[in-house]
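File shown here: work_24.pdb, holding PDB, C-alpha atoms.
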ATOM      1  CA  MET Z 126     -68.997  30.762 -36.749
ATOM      2  CA  ASN Z 127     -70.647  30.396 -33.460
ATOM      3  CA  GLU Z 128     -69.185  26.978 -33.082
ATOM      4  CA  LYS Z 129     -65.679  28.261 -33.893
ATOM      5  CA  ALA Z 130     -65.996  31.090 -31.361
ATOM      6  CA  ASN Z 131     -67.188  28.654 -28.730
ATOM      7  CA  ASN Z 132     -64.226  26.363 -29.483
ATOM      8  CA  ASN Z 133     -61.766  29.282 -29.168
ATOM      9  CA  LYS Z 134     -63.433  30.351 -25.944
ATOM     10  CA  ALA Z 135     -63.191  26.828 -24.554
ATOM     11  CA  GLU Z 136     -59.569  26.611 -25.679
ATOM     12  CA  ASN Z 137     -58.732  29.893 -23.958
ATOM     13  CA  GLN Z 138     -60.369  28.746 -20.738
ATOM     14  CA  ASN Z 139     -58.392  25.515 -20.744
ATOM     15  CA  MET Z 140     -55.166  27.248 -21.577
ATOM     16  CA  ASP Z 141     -52.710  28.142 -18.780
ATOM     17  CA  ILE Z 142     -51.948  31.770 -19.500
ATOM     18  CA  ASN Z 143     -48.840  31.756 -17.289
ATOM     19  CA  THR Z 144     -47.028  29.166 -19.434
ATOM     20  CA  ASP Z 145     -46.729  31.088 -22.686
ATOM     21  CA  GLU Z 146     -46.010  34.791 -22.795
ATOM     22  CA  ASN Z 147     -46.794  35.082 -26.515
ATOM     23  CA  ILE Z 148     -50.481  34.141 -26.131
ATOM     24  CA  SER Z 149     -52.696  37.080 -25.331
ATOM     25  CA  GLY Z 150     -55.134  36.843 -22.506
ATOM     26  CA  THR Z 151     -57.426  39.061 -20.538
ATOM     27  CA  THR Z 152     -56.529  37.814 -17.053
ATOM     28  CA  HIS Z 153     -53.083  37.874 -15.516
ATOM     29  CA  LEU Z 154     -52.104  35.950 -12.468
ATOM     30  CA  ASN Z 155     -49.646  37.636 -10.155
ATOM     31  CA  ASP Z 156     -46.834  35.561  -8.770
ATOM     32  CA  PRO Z 157     -47.210  35.750  -4.944
ATOM     33  CA  VAL Z 158     -43.526  34.782  -4.472
ATOM     34  CA  ALA Z 159     -42.373  37.651  -6.695
ATOM     35  CA  GLU Z 160     -44.606  40.091  -4.775
ATOM     36  CA  THR Z 161     -43.179  39.119  -1.382
ATOM     37  CA  SER Z 162     -39.582  39.221  -2.633
ATOM     38  CA  ALA Z 163     -40.180  42.708  -4.082
ATOM     39  CA  LEU Z 164     -41.697  43.792  -0.770
ATOM     40  CA  GLU Z 165     -38.752  42.332   1.129
ATOM     41  CA  LYS Z 166     -36.357  44.120  -1.222
ATOM     42  CA  ILE Z 167     -38.111  47.446  -0.609
ATOM     43  CA  ASN Z 168     -38.087  46.835   3.158
ATOM     44  CA  ALA Z 169     -34.361  45.991   3.042
ATOM     45  CA  GLU Z 170     -33.654  49.195   1.112
ATOM     46  CA  LEU Z 171     -35.729  51.142   3.633
ATOM     47  CA  GLU Z 172     -33.789  49.630   6.557
ATOM     48  CA  GLU Z 173     -30.500  50.386   4.802
ATOM     49  CA  SER Z 174     -31.585  53.999   4.245
ATOM     50  CA  LYS Z 175     -32.624  54.311   7.900
ATOM     51  CA  ASP Z 176     -29.237  52.907   8.993
ATOM     52  CA  LYS Z 177     -27.362  55.354   6.745
ATOM     53  CA  TYR Z 178     -29.453  58.226   8.098
ATOM     54  CA  LEU Z 179     -28.802  57.258  11.737
ATOM     55  CA  ARG Z 180     -25.073  56.881  11.097
ATOM     56  CA  LEU Z 181     -24.937  60.237   9.320
ATOM     57  CA  ALA Z 182     -26.839  61.937  12.159
ATOM     58  CA  ALA Z 183     -24.495  60.380  14.758
ATOM     59  CA  GLU Z 184     -21.444  61.421  12.756
ATOM     60  CA  PHE Z 185     -22.774  64.978  12.519
ATOM     61  CA  ASP Z 186     -23.398  65.095  16.295
ATOM     62  CA  ASN Z 187     -19.826  63.892  16.893
ATOM     63  CA  PHE Z 188     -18.550  66.577  14.500
ATOM     64  CA  LYS Z 189     -20.485  69.296  16.367
ATOM     65  CA  ARG Z 190     -19.146  68.119  19.749
ATOM     66  CA  ARG Z 191     -15.572  67.903  18.475
ATOM     67  CA  ASN Z 192     -15.842  71.337  16.845
ATOM     68  CA  ALA Z 193     -17.236  72.909  20.033
ATOM     69  CA  LYS Z 194     -14.425  71.361  22.103
ATOM     70  CA  GLU Z 195     -11.775  72.669  19.693
ATOM     71  CA  LYS Z 196     -13.366  76.118  19.784
ATOM     72  CA  ILE Z 197     -13.252  76.183  23.599
ATOM     73  CA  GLU Z 198      -9.595  75.099  23.584
ATOM     74  CA  LEU Z 199      -8.775  77.764  21.008
ATOM     75  CA  ILE Z 200     -10.433  80.461  23.100
ATOM     76  CA  GLN Z 201      -8.600  79.314  26.244
ATOM     77  CA  THR Z 202      -5.189  79.414  24.576
ATOM     78  CA  ALA Z 203      -5.795  82.399  22.289
ATOM     79  CA  GLY Z 204      -3.329  84.585  24.178
ATOM     80  CA  ARG Z 205      -0.710  81.858  24.392
ATOM     81  CA  ASP Z 206       1.806  83.566  22.082
ATOM     82  CA  ILE Z 207       1.606  86.882  23.935
ATOM     83  CA  ILE Z 208       1.900  85.259  27.343
ATOM     84  CA  THR Z 209       4.801  83.090  26.157
ATOM     85  CA  ASP Z 210       6.626  86.229  25.029
ATOM     86  CA  LEU Z 211       5.911  87.889  28.378
ATOM     87  CA  LEU Z 212       7.460  84.969  30.255
ATOM     88  CA  ASP Z 213      10.945  86.189  29.378
ATOM     89  CA  VAL Z 214      10.013  89.624  30.733
ATOM     90  CA  LEU Z 215       8.687  87.982  33.878
ATOM     91  CA  ASP Z 216      11.959  86.067  34.291
ATOM     92  CA  ASP Z 217      13.912  89.341  33.989
ATOM     93  CA  CYS Z 218      11.611  90.949  36.539
ATOM     94  CA  GLU Z 219      12.276  88.136  39.000
ATOM     95  CA  ARG Z 220      16.037  88.473  38.523
ATOM     96  CA  ALA Z 221      15.780  92.235  39.076
ATOM     97  CA  GLN Z 222      13.657  91.627  42.160
ATOM     98  CA  LYS Z 223      16.387  89.418  43.646
ATOM     99  CA  GLN Z 224      18.945  92.157  43.004
ATOM    100  CA  ILE Z 225      16.696  94.828  44.486
ATOM    101  CA  GLU Z 226      16.038  92.734  47.592
ATOM    102  CA  THR Z 227      19.788  92.403  48.222
ATOM    103  CA  THR Z 228      20.417  96.135  47.719
ATOM    104  CA  GLU Z 229      19.473  98.455  50.590
ATOM    105  CA  ASN Z 230      20.124 101.815  48.890
ATOM    106  CA  ASN Z 231      16.879 103.150  47.457
ATOM    107  CA  VAL Z 232      13.692 102.153  49.295
ATOM    108  CA  GLY Z 233      11.339 104.159  47.015
ATOM    109  CA  VAL Z 234      12.706 102.610  43.824
ATOM    110  CA  LYS Z 235      12.517  99.183  45.381
ATOM    111  CA  GLU Z 236       8.835  99.601  46.299
ATOM    112  CA  GLY Z 237       7.916 100.986  42.847
ATOM    113  CA  VAL Z 238       9.607  98.188  40.975
ATOM    114  CA  LEU Z 239       8.028  95.582  43.279
ATOM    115  CA  LEU Z 240       4.584  97.067  42.547
ATOM    116  CA  VAL Z 241       5.221  96.713  38.795
ATOM    117  CA  PHE Z 242       6.393  93.116  39.215
ATOM    118  CA  ASN Z 243       3.318  92.243  41.268
ATOM    119  CA  LYS Z 244       1.049  93.876  38.696
ATOM    120  CA  ILE Z 245       2.573  91.829  35.861
ATOM    121  CA  ARG Z 246       2.244  88.616  37.898
ATOM    122  CA  ASN Z 247      -1.372  89.334  38.852
ATOM    123  CA  THR Z 248      -2.319  90.205  35.260
ATOM    124  CA  LEU Z 249      -0.840  86.994  33.920
ATOM    125  CA  GLN Z 250      -2.423  84.923  36.682
ATOM    126  CA  ALA Z 251      -5.810  86.467  35.911
ATOM    127  CA  ARG Z 252      -5.377  85.252  32.308
ATOM    128  CA  GLY Z 253      -4.866  81.662  33.482
ATOM    129  CA  LEU Z 254      -1.098  81.510  33.977
ATOM    130  CA  LYS Z 255       0.137  79.303  36.823
ATOM    131  CA  VAL Z 256       3.688  78.676  37.988
ATOM    132  CA  MET Z 257       4.848  75.074  37.945
ATOM    133  CA  GLU Z 258       6.209  73.987  41.321
ATOM    134  CA  SER Z 259       9.299  71.889  40.613
ATOM    135  CA  VAL Z 260      11.880  72.113  43.402
ATOM    136  CA  GLN Z 261      12.082  68.936  45.534
ATOM    137  CA  THR Z 262       9.507  67.104  43.417
ATOM    138  CA  ASP Z 263      10.185  63.917  41.467
ATOM    139  CA  PHE Z 264      11.730  64.530  38.065
ATOM    140  CA  ASN Z 265       9.052  64.150  35.405
ATOM    141  CA  PRO Z 266      10.189  64.381  31.764
ATOM    142  CA  ASP Z 267       6.671  65.456  30.767
ATOM    143  CA  LEU Z 268       6.987  68.553  32.975
ATOM    144  CA  HIS Z 269      10.710  69.167  33.357
ATOM    145  CA  GLU Z 270      13.661  69.621  31.059
ATOM    146  CA  ALA Z 271      16.837  68.408  32.754
ATOM    147  CA  ILE Z 272      19.766  70.762  32.191
ATOM    148  CA  THR Z 273      22.225  68.745  34.250
ATOM    149  CA  GLU Z 274      22.571  66.222  37.061
ATOM    150  CA  ILE Z 275      24.493  66.799  40.239
ATOM    151  CA  PRO Z 276      25.261  64.494  43.155
ATOM    152  CA  ALA Z 277      22.372  64.620  45.635
ATOM    153  CA  ALA Z 278      23.104  65.859  49.154
ATOM    154  CA  THR Z 279      20.912  63.103  50.625
ATOM    155  CA  ASP Z 280      19.409  59.864  49.362
ATOM    156  CA  GLU Z 281      15.957  61.486  49.499
ATOM    157  CA  LEU Z 282      16.962  63.949  46.757
ATOM    158  CA  LYS Z 283      18.044  61.271  44.259
ATOM    159  CA  GLY Z 284      15.826  61.462  41.162
ATOM    160  CA  LYS Z 285      14.262  64.697  42.406
ATOM    161  CA  VAL Z 286      14.577  68.271  41.203
ATOM    162  CA  VAL Z 287      17.326  69.955  43.235
ATOM    163  CA  ASP Z 288      17.292  73.388  41.616
ATOM    164  CA  GLU Z 289      15.198  75.264  39.091
ATOM    165  CA  ILE Z 290      17.059  77.276  36.453
ATOM    166  CA  ILE Z 291      13.990  78.549  34.573
ATOM    167  CA  LYS Z 292      10.428  78.169  35.873
ATOM    168  CA  GLY Z 293       7.797  76.188  34.012
ATOM    169  CA  TYR Z 294       4.300  77.541  33.434
ATOM    170  CA  TYR Z 295       0.768  76.320  32.791
ATOM    171  CA  LEU Z 296      -1.854  78.242  30.851
ATOM    172  CA  ASN Z 297      -5.332  76.995  31.768
ATOM    173  CA  ASP Z 298      -3.836  73.696  32.996
ATOM    174  CA  LYS Z 299      -1.864  73.116  29.782
ATOM    175  CA  ILE Z 300       1.907  73.276  29.806
ATOM    176  CA  ILE Z 301       3.210  76.210  27.791
ATOM    177  CA  ARG Z 302       6.796  76.051  29.017
ATOM    178  CA  HIS Z 303       8.665  73.195  30.656
ATOM    179  CA  ALA Z 304      10.775  73.933  33.726
ATOM    180  CA  LYS Z 305      14.524  73.751  33.154
ATOM    181  CA  VAL Z 306      15.895  71.998  36.207
ATOM    182  CA  VAL Z 307      18.902  70.389  37.858
ATOM    183  CA  VAL Z 308      18.283  66.786  38.943
ATOM    184  CA  GLY Z 309      19.967  64.992  41.842
ATOM    185  CA  LYS Z 310      21.623  61.663  41.120
TER     186      LYS Z 310
END
Go ahead and render the structure in this file as structure tokens.
Amino acid sequence: MNEKANNNKAENQNMDINTDENISGTTHLNDPVAETSALEKINAELEESKDKYLRLAAEFDNFKRRNAKEKIELIQTAGRDIITDLLDVLDDCERAQKQIETTENNVGVKEGVLLVFNKIRNTLQARGLKVMESVQTDFNPDLHEAITEIPAATDELKGKVVDEIIKGYYLNDKIIRHAKVVVGK
């Protein structure tokens, strides 16, 4: 039996254990190529995960900035509907002011009404309302709404705003109402 065990031991030593998976053995050789490819695969997955993380973080930062900007714009134009409704009242006040200025009858009434008009104007201006200056400026379809065209008195007035029917307004540098104007041709 000793001789048979020695023969088996010699056979096992001469045998390449990596060639046949069905033969049992006590030593296993690791494939160095498989180890490096597995390591490279893990490193590639790690780099991909890092890239996804960086992209997600950048996208979140962009979202926060965009959200903050929208919030600021919303706060600035929060009273837009109320101020837009008051514009018609302001227009009526200006028409009444023109009538009062042409009438010389009642000085006390005139002063009282003018104080109210000035108070409305100052309140709206404090909230960010600005009047759009249109008369004798170049016609700009982004700012003006042309009601009609009339022949210009001079060549300098061609393509310019000759008269303003209804004033345009800005609220915090954003147009809330376009000026309705007459353009010279």
Query - Given the PyMOL selection byres ((chain Z and resi 264) around 12), the residues it picks as a PyMOL selection string - result: chain Z and resi 258-263+265-274+282-289+303-310
Within 9 Å of Ile301 of chain Z using all atoms listed in the file, minus same-chain residues under 3 positions, as a short mmCIF file (atom, residue, chain, number, x, y, z; two decimals) with C-alpha atoms, in the coordinates of the input:
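Saved to part_6.cif:
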data_model
loop_
_atom_site.label_atom_id
_atom_site.label_comp_id
_atom_site.auth_asym_id
_atom_site.auth_seq_id
_atom_site.Cartn_x
_atom_site.Cartn_y
_atom_site.Cartn_z
CA ARG Z 205 -0.71 81.86 24.39
CA THR Z 209 4.80 83.09 26.16
CA GLY Z 293 7.80 76.19 34.01
CA TYR Z 294 4.30 77.54 33.43
CA TYR Z 295 0.77 76.32 32.79
CA LEU Z 296 -1.85 78.24 30.85
#
Query - Non-local contacts of Gln250 of chain Z (12 Å; all atoms listed in the file; under 4 positions in same chain excluded) as a list in words - result: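 Listed by chain and then number, they are Ile208, Leu212, Leu215, Asn243, Lys244, Ile245, Arg246, Leu254, Lys255, Val256, Tyr294, Tyr295, Leu296, Asn297 and Asp298 of chain Z.
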Query - For atom CA of Thr202 of chain Z and atom CA of Asp216 of chain Z, the interatomic separation in Å (one decimal) - result: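 The value is 20.8 Å.
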Query - Atom pair atom CA of Glu195 of chain Z / atom CA of Thr248 of chain Z: separation (Å) - result: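 So the answer is 25.3 Å.
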Query raised in the report: When distances are computed from all atoms listed in the file, which of Z:Ala182, Z:Ala193, Z:Phe242, Z:Arg302 shows the smallest separation from Lys223 of chain Z?
Result: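 Looking at the shortest contact to Lys223 of chain Z, the residue is Z:Phe242.
Note that the spacing between atom CA of Ile167 of chain Z and atom CA of Glu184 of chain Z amounts to 25.5 Å.
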Work out where the centre of an axis-aligned box around every listed atom of segment 165-184 of chain Z lies and how long its edges are once 3 Å is added on each side; give both in Å to one decimal as AutoDock Vina command-line options.
--center_x -30.1 --center_y 52.1 --center_z 6.8 --size_x 23.3 --size_y 25.6 --size_z 22.0
